[in-house]
Amino acid sequence: MQKTNVISIVIITRNEGAELEATVRNLLATASQARLEMIVVDDGSTDESTGFLESFPDIRVIRSNGIGVARARNLGATHASGDVIVFSDAHVRAPENWHVPMIEAFELEDVGACAPGIYSTLEPKRRGYGLYFTGADLRSNWHRKDSDEPAEVAILPGCFLGMRREVFQETGGYDPGMRQLGGNDNELSFRLWTLGYRLLVVPKVEVGHLFRTSIPYEATWSAAVHNRLRMAMVHFGPQRIERVVDALRRYDRFPAGIAMMAGEDHTERRTIIERRRRFDDDWYFDIFDLTC
């Protein structure tokens with residue numbers, strides 16, 4: 001990869017209160033030696049938390065009306081001009097010069113995306129370094145730290161994820177059919193791997209993330225079930241789809257999740273992706289030794 005001229009930070013926010021300002025100031029201060037552009041997508045805030053950005057004329061603010069995480073990230077990325085796009089939640093804390101090891105990860109041409117280690121700002125001992133699927137219900141769990149060297153992982157955490165802009169343009173970024181929260185990063189990571197890109201976690205960088213028990217905007221478990229079903233229907237073979245559906249039946253919101261699938265484009269999207277991908281779901285679960 002050629003020397004990066006600009007890093008585009010895309011922050012998605014909705015009713016984040018003081019967290020948004022703290023995040024913006026933190027990311028600007030800790031990457032002061034980098035050439036940055038920052039794009040804040042305010043996806044329907046009602047708390048006036050983006051008002052402080054009027055004093056940051058270089059930060060571009062884009063407003064949307066509750067379109068959800070996937071579409072809001074995609075919207076922000078379409079306005080990015082950097083060689084690398086960093087998708088960030090609005091409640092993170094990054095260390096000094098966080099950008100250097102992450103950009104170094106892209107020196108390997110087949111690396112499409114990378115992410116740092118993540119810790120809880122409320123419980124700093126809780127740390128994870130990439131994720132993996134734990135079973136047919138498509139829940140995920142965190143890896144422990146093995147070393148300081150970049151390592152391949154099945155799933156990158158989306159709370160602070162770097163992607164080559166050319167990869168975003170070639171793949172379309174996040175699946176716009178995903179609803180609200182839950183599963184966006186799992187689907188993106190799976191799709192990038194099967195399209196032929198490698199994903200790396202960069203343990204030398206550890207970013208704090210506010211893991212909340214409640215969120216300041218509407219999100220439903222029905223949408224989370226829907227997103228797992230959509231991922232299976234778009235990407236998996238018949239037997240794995242059956243296992244996923246059987247595993248998700250135990251959830252009370254399963255009927256609502258199924259209903260949300262009606263009239264969607266998952267069949268058309270499946271056809272398009274099958275034509276482009278290099279590997280299938282069996283390959284993915286085999287190389288990471290995962291059960292699903």
# chains A, B, ... in the order shown; residues from 1 in each chain; ligands from 1
>>> residues_around(residues="range 127-144 of chain A", least_positions_apart="5", cutoff="10 Å", atoms="only C-alpha atoms", output="PyMOL selection string")
chain A and resi 114-121+150-158+182-183+186+199-203+205-209+225+227-229+231-232+240-251+285+288-292
>>> residues_around(residues="Asn26 in chain A", least_positions_apart="6", cutoff="9 Å", atoms="only C-alpha atoms", output="ChimeraX atom specification")
/A:92-95
>>> select_by_dssp(residues="range 59-224 of chain A", states="strand (DSSP E or B)", output="PyMOL selection string")
chain A and resi 60-64+84-88+92-93+111-120+127-128+131-133+140-142+151-152+155+160-164+198-209
>>> closest_residue(among="A:Arg198, A:Arg191, A:Arg179, A:Arg278", to="Glu264 in chain A", atoms="only C-alpha atoms")
A:Arg179
>>> residues_around(residues="Gly196 in chain A", least_positions_apart="2", cutoff="9 Å", atoms="only C-alpha atoms", output="list of chain:residue names")
A:Asp110, A:Gly112, A:Arg191, A:Leu192, A:Trp193, A:Thr194, A:Arg198, A:Arg277, A:Arg278, A:Phe279
>>> select_by_dssp(residues="range 63-223 of chain A", states="helix (DSSP H, G or I)", output="count of residues only")
38
>>> atom_distance(atom1="CA of Tyr197 in chain A", atom2="CA of Phe87 in chain A")
17.7 Å
>>> atom_distance(atom1="CA of Asn74 in chain A", atom2="CA of Gly172 in chain A")
7.8 Å
>>> atom_distance(atom1="CA of Asp47 in chain A", atom2="CA of Glu21 in chain A")
12.8 Å
>>> closest_residue(among="A:Tyr284, A:Met163, A:Gln169, A:Met233", to="Glu268 in chain A", atoms="only C-alpha atoms")
A:Met233
>>> residues_around(residues="Asp252 in chain A", least_positions_apart="6", cutoff="12 Å", atoms="only C-alpha atoms", output="PyMOL selection string")
chain A and resi 220-222+224-225+258
>>> residues_around(residues="Asp58 in chain A", least_positions_apart="5", cutoff="12 Å", atoms="only C-alpha atoms", output="count of residues only")
7
>>> closest_residue(among="A:Ile287, A:Val167, A:Ile11, A:Ala29", to="Glu109 in chain A", atoms="only C-alpha atoms")
A:Val167
